[in-house]
>>> print(open('upload-v1.csv').read())   # CSV, C-alpha atoms
chain,number,residue,atom,x,y,z
A,1,MET,CA,-38.3,56.5,-10.9
A,2,ASN,CA,-37.4,57.2,-14.5
A,3,ALA,CA,-34.6,55.2,-16.2
A,4,SER,CA,-31.5,57.4,-16.6
A,5,ILE,CA,-28.6,55.0,-17.1
A,6,GLY,CA,-27.4,53.1,-20.1
A,7,THR,CA,-25.2,50.1,-19.0
A,8,ILE,CA,-22.2,48.4,-20.4
A,9,LEU,CA,-21.7,44.9,-19.0
A,10,VAL,CA,-18.2,43.8,-19.8
A,11,ALA,CA,-17.9,40.0,-20.3
A,12,ALA,CA,-15.2,39.7,-22.9
A,13,GLY,CA,-12.3,38.6,-20.8
A,14,GLN,CA,-10.4,35.4,-21.4
A,15,SER,CA,-10.3,34.1,-17.7
A,16,LYS,CA,-6.7,33.1,-18.1
A,17,ARG,CA,-6.0,33.1,-14.3
A,18,MET,CA,-9.3,31.2,-13.6
A,19,GLY,CA,-8.5,28.2,-15.9
A,20,PHE,CA,-12.1,28.1,-17.3
A,21,ASP,CA,-14.6,30.6,-18.7
A,22,LYS,CA,-15.9,32.0,-15.4
A,23,ILE,CA,-18.6,34.2,-17.0
A,24,PHE,CA,-20.5,31.3,-18.6
A,25,LYS,CA,-19.9,28.5,-16.1
A,26,PRO,CA,-23.1,27.9,-14.1
A,27,PHE,CA,-23.1,28.1,-10.3
A,28,ALA,CA,-24.9,25.6,-8.1
A,29,ASN,CA,-28.1,27.6,-8.6
A,30,GLY,CA,-28.0,26.9,-12.3
A,31,LEU,CA,-27.2,30.4,-13.4
A,32,CYS,CA,-23.9,31.7,-14.7
A,33,PRO,CA,-22.3,35.0,-13.6
A,34,LEU,CA,-23.5,36.7,-16.8
A,35,GLU,CA,-27.1,35.7,-16.1
A,36,ILE,CA,-26.9,36.8,-12.5
A,37,CYS,CA,-25.5,40.2,-13.4
A,38,LEU,CA,-28.2,40.7,-15.9
A,39,HIS,CA,-31.0,39.7,-13.5
A,40,ARG,CA,-29.7,42.1,-10.9
A,41,ILE,CA,-29.1,45.0,-13.2
A,42,LEU,CA,-32.4,44.6,-14.8
A,43,SER,CA,-34.1,44.9,-11.4
A,44,SER,CA,-32.9,48.5,-11.1
A,45,PRO,CA,-35.5,51.0,-12.3
A,46,LEU,CA,-32.6,53.4,-13.0
A,47,VAL,CA,-31.3,51.2,-15.8
A,48,GLY,CA,-32.9,51.6,-19.2
A,49,GLN,CA,-30.7,49.7,-21.6
A,50,ILE,CA,-27.8,47.1,-21.3
A,51,VAL,CA,-25.1,46.5,-23.8
A,52,VAL,CA,-23.3,43.2,-23.2
A,53,VAL,CA,-19.8,43.0,-24.5
A,54,VAL,CA,-18.4,39.5,-25.1
A,55,SER,CA,-15.7,37.9,-27.1
A,56,LYS,CA,-16.3,36.8,-30.7
A,57,GLU,CA,-16.2,33.1,-29.5
A,58,ASN,CA,-19.0,33.8,-27.0
A,59,LEU,CA,-21.4,35.8,-29.1
A,60,GLU,CA,-23.8,32.9,-29.7
A,61,ARG,CA,-23.6,31.7,-26.1
A,62,ALA,CA,-24.5,35.1,-24.9
A,63,MET,CA,-27.5,35.4,-27.2
A,64,GLU,CA,-28.8,32.0,-26.0
A,65,LYS,CA,-28.5,33.1,-22.3
A,66,ILE,CA,-30.2,36.5,-22.9
A,67,SER,CA,-33.0,35.0,-25.0
A,68,THR,CA,-34.3,33.1,-21.9
A,69,LEU,CA,-34.6,36.3,-19.7
A,70,CYS,CA,-38.0,37.8,-19.1
A,71,HIS,CA,-37.5,41.6,-19.3
A,72,GLY,CA,-38.9,44.7,-20.8
A,73,LYS,CA,-35.6,46.5,-21.4
A,74,ASP,CA,-33.4,46.7,-24.4
A,75,ILE,CA,-30.4,44.4,-24.3
A,76,LYS,CA,-27.8,44.4,-27.1
A,77,ILE,CA,-24.8,42.1,-27.6
A,78,VAL,CA,-21.6,43.4,-29.2
A,79,GLU,CA,-18.2,41.9,-29.8
A,80,GLY,CA,-15.4,43.2,-27.6
A,81,GLY,CA,-11.8,44.1,-28.3
A,82,LYS,CA,-8.3,43.1,-27.3
A,83,GLU,CA,-8.1,45.1,-24.1
A,84,ARG,CA,-10.8,45.8,-21.6
A,85,GLN,CA,-10.9,49.4,-22.6
A,86,ASP,CA,-11.5,48.4,-26.2
A,87,SER,CA,-14.5,46.4,-25.1
A,88,VAL,CA,-15.9,49.3,-23.1
A,89,TYR,CA,-15.5,51.6,-26.1
A,90,GLN,CA,-17.4,49.2,-28.3
A,91,GLY,CA,-20.1,49.1,-25.7
A,92,LEU,CA,-20.2,52.9,-25.6
A,93,LEU,CA,-20.6,53.1,-29.3
A,94,ALA,CA,-23.5,50.7,-29.2
A,95,LEU,CA,-25.5,52.5,-26.5
A,96,ASP,CA,-28.4,54.6,-27.6
A,97,SER,CA,-27.6,58.3,-27.5
A,98,LEU,CA,-30.5,59.2,-25.2
A,99,TRP,CA,-28.8,58.0,-22.0
A,100,GLU,CA,-27.3,60.9,-20.0
A,101,TYR,CA,-25.4,58.6,-17.7
A,102,VAL,CA,-23.4,55.4,-18.4
A,103,MET,CA,-22.7,52.6,-16.0
A,104,VAL,CA,-19.8,50.2,-16.6
A,105,HIS,CA,-19.8,46.9,-14.7
A,106,ASP,CA,-17.6,43.8,-14.9
A,107,SER,CA,-19.6,40.6,-15.1
A,108,ALA,CA,-16.9,39.0,-12.9
A,109,ARG,CA,-18.7,40.8,-10.0
A,110,PRO,CA,-22.0,38.9,-9.7
A,111,PHE,CA,-23.1,40.5,-6.4
A,112,ILE,CA,-24.1,43.9,-7.9
A,113,SER,CA,-27.4,45.1,-6.4
A,114,GLU,CA,-30.1,47.6,-7.0
A,115,GLY,CA,-29.0,49.5,-3.9
A,116,LEU,CA,-25.4,49.7,-5.0
A,117,ILE,CA,-26.4,51.0,-8.3
A,118,SER,CA,-28.5,53.7,-6.6
A,119,VAL,CA,-25.8,55.0,-4.3
A,120,VAL,CA,-23.2,55.2,-7.0
A,121,PHE,CA,-25.6,56.9,-9.3
A,122,GLN,CA,-26.4,59.6,-6.7
A,123,ALA,CA,-22.7,60.3,-6.3
A,124,ALA,CA,-22.3,60.5,-10.1
A,125,ARG,CA,-25.1,63.0,-10.4
A,126,GLU,CA,-23.3,65.2,-7.9
A,127,MET,CA,-19.8,64.9,-9.3
A,128,GLY,CA,-20.2,63.7,-12.8
A,129,ALA,CA,-18.3,60.5,-12.1
A,130,ALA,CA,-18.4,58.0,-9.3
A,131,VAL,CA,-17.2,54.5,-8.4
A,132,CYS,CA,-17.6,52.2,-5.5
A,133,GLY,CA,-14.8,51.0,-3.3
A,134,LYS,CA,-13.4,50.3,0.1
A,135,PRO,CA,-10.5,51.7,2.2
A,136,CYS,CA,-7.5,49.4,2.0
A,137,SER,CA,-7.0,47.4,5.3
A,138,ASP,CA,-3.7,45.7,4.3
A,139,THR,CA,-0.2,47.1,4.7
A,140,LEU,CA,1.0,48.1,1.2
A,141,LYS,CA,4.5,47.8,0.0
A,142,GLU,CA,6.1,49.1,-3.2
A,143,VAL,CA,8.2,46.2,-4.5
A,144,ASP,CA,10.9,46.1,-7.3
A,145,MET,CA,11.2,43.4,-10.1
A,146,ASP,CA,13.3,41.2,-7.8
A,147,GLY,CA,10.7,41.2,-5.0
A,148,LYS,CA,12.6,43.6,-2.8
A,149,ILE,CA,10.6,46.1,-0.8
A,150,LEU,CA,11.3,49.7,-1.8
A,151,LYS,CA,9.0,51.5,0.6
A,152,THR,CA,5.8,51.2,2.6
A,153,LEU,CA,2.8,53.2,1.3
A,154,ASP,CA,0.4,55.2,3.4
A,155,ARG,CA,-2.6,53.0,3.4
A,156,SER,CA,-4.8,55.7,4.9
A,157,LYS,CA,-4.9,57.3,1.4
A,158,ILE,CA,-5.4,54.0,-0.5
A,159,TRP,CA,-8.8,52.6,-1.6
A,160,THR,CA,-9.5,49.4,-3.6
A,161,VAL,CA,-11.9,50.5,-6.4
A,162,GLN,CA,-14.5,48.2,-7.9
A,163,THR,CA,-17.4,48.4,-10.4
A,164,PRO,CA,-20.1,49.6,-11.0
A,165,GLN,CA,-18.6,52.9,-12.2
A,166,ILE,CA,-21.1,55.5,-13.4
A,167,PHE,CA,-20.3,58.6,-15.5
A,168,LYS,CA,-21.9,61.5,-17.2
A,169,ARG,CA,-21.9,60.2,-20.8
A,170,SER,CA,-20.3,63.2,-22.3
A,171,LEU,CA,-17.4,62.9,-19.8
A,172,LEU,CA,-16.8,59.2,-20.5
A,173,GLU,CA,-17.0,59.7,-24.2
A,174,LYS,CA,-14.4,62.5,-24.0
A,175,ALA,CA,-12.1,60.3,-21.8
A,176,TYR,CA,-12.3,57.4,-24.3
A,177,MET,CA,-11.7,59.6,-27.3
A,178,ALA,CA,-8.5,60.7,-25.6
A,179,LEU,CA,-7.5,57.1,-24.9
A,180,GLN,CA,-8.1,56.3,-28.6
A,181,ASN,CA,-6.0,59.2,-29.8
A,182,GLN,CA,-3.1,58.7,-27.4
A,183,GLY,CA,-3.0,54.9,-27.4
A,184,ASP,CA,-2.9,54.7,-23.6
A,185,ILE,CA,-3.9,51.6,-21.6
A,186,VAL,CA,-5.9,51.9,-18.4
A,187,THR,CA,-7.3,49.2,-16.1
A,188,ASP,CA,-10.6,50.9,-15.3
A,189,ASP,CA,-12.8,53.6,-16.6
A,190,ALA,CA,-12.2,56.0,-13.7
A,191,SER,CA,-8.5,56.1,-14.8
A,192,ALA,CA,-9.6,57.2,-18.2
A,193,VAL,CA,-11.6,60.1,-16.7
A,194,GLU,CA,-8.8,61.0,-14.4
A,195,ARG,CA,-6.3,61.3,-17.3
A,196,ILE,CA,-8.4,64.2,-18.8
A,197,GLY,CA,-8.6,66.0,-15.5
A,198,GLY,CA,-12.0,64.7,-14.4
A,199,THR,CA,-12.9,64.3,-10.8
A,200,VAL,CA,-14.2,60.9,-9.6
A,201,LYS,CA,-16.0,60.4,-6.3
A,202,VAL,CA,-15.4,57.1,-4.5
A,203,VAL,CA,-18.5,55.7,-2.7
A,204,PHE,CA,-17.8,53.4,0.3
A,205,TYR,CA,-19.7,50.1,-0.1
A,206,LYS,CA,-19.6,47.7,2.9
A,207,GLY,CA,-21.5,44.9,1.2
A,208,ASN,CA,-20.1,42.0,-0.7
A,209,ASN,CA,-19.0,43.0,-4.2
A,210,MET,CA,-16.2,40.5,-4.7
A,211,LYS,CA,-14.5,40.0,-8.1
A,212,MET,CA,-13.8,36.5,-9.4
A,213,THR,CA,-10.2,36.3,-10.6
A,214,LEU,CA,-8.9,33.0,-9.3
A,215,GLN,CA,-10.6,29.6,-9.1
A,216,GLU,CA,-11.0,29.9,-5.4
A,217,ASP,CA,-12.9,33.2,-5.9
A,218,TRP,CA,-15.4,31.4,-8.1
A,219,GLU,CA,-15.8,28.7,-5.4
A,220,ILE,CA,-16.4,31.3,-2.7
A,221,ALA,CA,-18.9,33.1,-4.9
A,222,ASN,CA,-20.7,29.8,-5.5
A,223,LEU,CA,-21.0,29.1,-1.8
A,224,LEU,CA,-22.3,32.6,-1.1
A,225,LEU,CA,-24.9,32.4,-3.8
A,226,GLN,CA,-26.1,29.1,-2.4
A,227,LYS,CA,-27.0,30.9,0.8
A,228,GLU,CA,-29.0,33.6,-1.1
A,229,LYS,CA,-32.6,33.3,-2.1
A,230,PHE,CA,-32.2,34.2,-5.8
A,231,ASN,CA,-35.2,34.7,-8.0
>>> encode(input="upload-v1.csv", output="structure tokens")
Amino acid sequence: MNASIGTILVAAGQSKRMGFDKIFKPFANGLCPLEICLHRILSSPLVGQIVVVVSKENLERAMEKISTLCHGKDIKIVEGGKERQDSVYQGLLALDSLWEYVMVHDSARPFISEGLISVVFQAAREMGAAVCGKPCSDTLKEVDMDGKILKTLDRSKIWTVQTPQIFKRSLLEKAYMALQNQGDIVTDDASAVERIGGTVKVVFYKGNNMKMTLQEDWEIANLLLQKEKFN
């Protein structure tokens, strides 16, 4: 299978809600989330290049981590921006122009797998843009600033969306140019594509793809990784 995807691995967050730098703190297996994400993404034959986006303060740490990896693929490290979308944009600029598709993944999700990348990529080839996610199982309420419930939302139409997200490169570049010109803020890359009228397909993923946001999330991920046989 030929490599078709250039990847942007976003690792420039400040981990304010975590209380420590979740991307570089090692789990019990000795590897930090950045290293685990890189190992897993590098295992995919679809991925040909990875651009790791980190904060200015972590550039040297990232270089040290990447230098220990045994791989035959091109890995670049670039400095991120103020907002997540600024970091993705810097990663997009750093990717070699030969990649027809671009995958964006948050390094706070260390359970990415070769299989997950494959199914999202197949959907992206069909639609031009695809993300993974799950139907929402909770009851959802719209709440005002005072904590009062305004209405109950129809959860049958609500999905929680995750990364990886994969796009035709030309579409993602167009979406990010629009963001730059308009000064808009989005929380994920699919939102940028939606704003220019692009259609994004959501792929159901039943496996574990948790995001580490709070300290208890990191602890759960640590326990789950201890049960895995990670090479």
>>> atom_distance(input="upload-v1.csv", atom1="CA of Gly80 in chain A", atom2="CA of Lys56 in chain A")
7.2 Å
>>> residues_around(input="upload-v1.csv", residues="Asp74 in chain A", least_positions_apart="2", cutoff="9 Å", atoms="only C-alpha atoms", output="ChimeraX atom specification")
/A:48-51,71-72,76
>>> residues_around(input="upload-v1.csv", residues="Val119 in chain A", least_positions_apart="2", cutoff="10 Å", atoms="all atoms listed in the file", output="PDB file with C-alpha atoms, keeping the file's coordinate frame")
ATOM      1  CA  GLU A 114     -30.100  47.600  -7.000  1.00  0.00           C
ATOM      2  CA  GLY A 115     -29.000  49.500  -3.900  1.00  0.00           C
ATOM      3  CA  LEU A 116     -25.400  49.700  -5.000  1.00  0.00           C
ATOM      4  CA  ILE A 117     -26.400  51.000  -8.300  1.00  0.00           C
ATOM      5  CA  PHE A 121     -25.600  56.900  -9.300  1.00  0.00           C
ATOM      6  CA  GLN A 122     -26.400  59.600  -6.700  1.00  0.00           C
ATOM      7  CA  ALA A 123     -22.700  60.300  -6.300  1.00  0.00           C
ATOM      8  CA  ALA A 124     -22.300  60.500 -10.100  1.00  0.00           C
ATOM      9  CA  ALA A 130     -18.400  58.000  -9.300  1.00  0.00           C
ATOM     10  CA  VAL A 131     -17.200  54.500  -8.400  1.00  0.00           C
ATOM     11  CA  CYS A 132     -17.600  52.200  -5.500  1.00  0.00           C
ATOM     12  CA  VAL A 203     -18.500  55.700  -2.700  1.00  0.00           C
ATOM     13  CA  PHE A 204     -17.800  53.400   0.300  1.00  0.00           C
ATOM     14  CA  TYR A 205     -19.700  50.100  -0.100  1.00  0.00           C
TER      15      TYR A 205
END
>>> residues_around(input="upload-v1.csv", residues="Ile23 in chain A", least_positions_apart="4", cutoff="7 Å", atoms="only C-alpha atoms", output="list of chain:residue names")
A:Ala11, A:Cys32, A:Pro33, A:Leu34, A:Ser107, A:Ala108
>>> residues_around(input="upload-v1.csv", residues="range 92-95 of chain A", least_positions_apart="3", cutoff="9 Å", atoms="only C-alpha atoms", output="list in words")
Gly6, Thr7, Ile8, Gln49, Ile50, Val51, Lys76, Ile77, Val78, Ser87, Val88, Tyr89, Leu98, Trp99, Val102, Arg169, Leu172 and Glu173 of chain A
>>> write_last_selection(input="upload-v1.csv", atoms="C-alpha atoms", output="PDB file, in the coordinates of the input")
ATOM      1  CA  GLY A   6     -27.400  53.100 -20.100  1.00  0.00           C
ATOM      2  CA  THR A   7     -25.200  50.100 -19.000  1.00  0.00           C
ATOM      3  CA  ILE A   8     -22.200  48.400 -20.400  1.00  0.00           C
ATOM      4  CA  GLN A  49     -30.700  49.700 -21.600  1.00  0.00           C
ATOM      5  CA  ILE A  50     -27.800  47.100 -21.300  1.00  0.00           C
ATOM      6  CA  VAL A  51     -25.100  46.500 -23.800  1.00  0.00           C
ATOM      7  CA  LYS A  76     -27.800  44.400 -27.100  1.00  0.00           C
ATOM      8  CA  ILE A  77     -24.800  42.100 -27.600  1.00  0.00           C
ATOM      9  CA  VAL A  78     -21.600  43.400 -29.200  1.00  0.00           C
ATOM     10  CA  SER A  87     -14.500  46.400 -25.100  1.00  0.00           C
ATOM     11  CA  VAL A  88     -15.900  49.300 -23.100  1.00  0.00           C
ATOM     12  CA  TYR A  89     -15.500  51.600 -26.100  1.00  0.00           C
ATOM     13  CA  LEU A  98     -30.500  59.200 -25.200  1.00  0.00           C
ATOM     14  CA  TRP A  99     -28.800  58.000 -22.000  1.00  0.00           C
ATOM     15  CA  VAL A 102     -23.400  55.400 -18.400  1.00  0.00           C
ATOM     16  CA  ARG A 169     -21.900  60.200 -20.800  1.00  0.00           C
ATOM     17  CA  LEU A 172     -16.800  59.200 -20.500  1.00  0.00           C
ATOM     18  CA  GLU A 173     -17.000  59.700 -24.200  1.00  0.00           C
TER      19      GLU A 173
END
>>> closest_residue(input="upload-v1.csv", among="A:Gln85, A:Asp106, A:Cys136, A:Ala3", to="Ile36 in chain A", atoms="all atoms listed in the file")
A:Asp106
>>> atom_distance(input="upload-v1.csv", atom1="CA of Glu64 in chain A", atom2="CA of Cys37 in chain A")
15.4 Å
>>> atom_distance(input="upload-v1.csv", atom1="CA of Pro164 in chain A", atom2="CA of Glu228 in chain A")
20.8 Å
>>> closest_residue(input="upload-v1.csv", among="A:Glu126, A:Glu100, A:Glu142, A:Glu79", to="Glu57 in chain A", atoms="only C-alpha atoms")
A:Glu79
>>> residues_around(input="upload-v1.csv", residues="Thr163 in chain A", least_positions_apart="6", cutoff="9 Å", atoms="all atoms listed in the file", output="MDAnalysis selection string")
chainID A and resid 103:106 109 112 131:133 188 209
>>> write_last_selection(input="upload-v1.csv", atoms="C-alpha atoms", output="PDB file, in the frame of the given file")
ATOM      1  CA  MET A 103     -22.700  52.600 -16.000  1.00  0.00           C
ATOM      2  CA  VAL A 104     -19.800  50.200 -16.600  1.00  0.00           C
ATOM      3  CA  HIS A 105     -19.800  46.900 -14.700  1.00  0.00           C
ATOM      4  CA  ASP A 106     -17.600  43.800 -14.900  1.00  0.00           C
ATOM      5  CA  ARG A 109     -18.700  40.800 -10.000  1.00  0.00           C
ATOM      6  CA  ILE A 112     -24.100  43.900  -7.900  1.00  0.00           C
ATOM      7  CA  VAL A 131     -17.200  54.500  -8.400  1.00  0.00           C
ATOM      8  CA  CYS A 132     -17.600  52.200  -5.500  1.00  0.00           C
ATOM      9  CA  GLY A 133     -14.800  51.000  -3.300  1.00  0.00           C
ATOM     10  CA  ASP A 188     -10.600  50.900 -15.300  1.00  0.00           C
ATOM     11  CA  ASN A 209     -19.000  43.000  -4.200  1.00  0.00           C
TER      12      ASN A 209
END
>>> closest_residue(input="upload-v1.csv", among="A:Lys168, A:Lys25, A:Lys227, A:Lys73", to="Ala129 in chain A", atoms="all atoms listed in the file")
A:Lys168
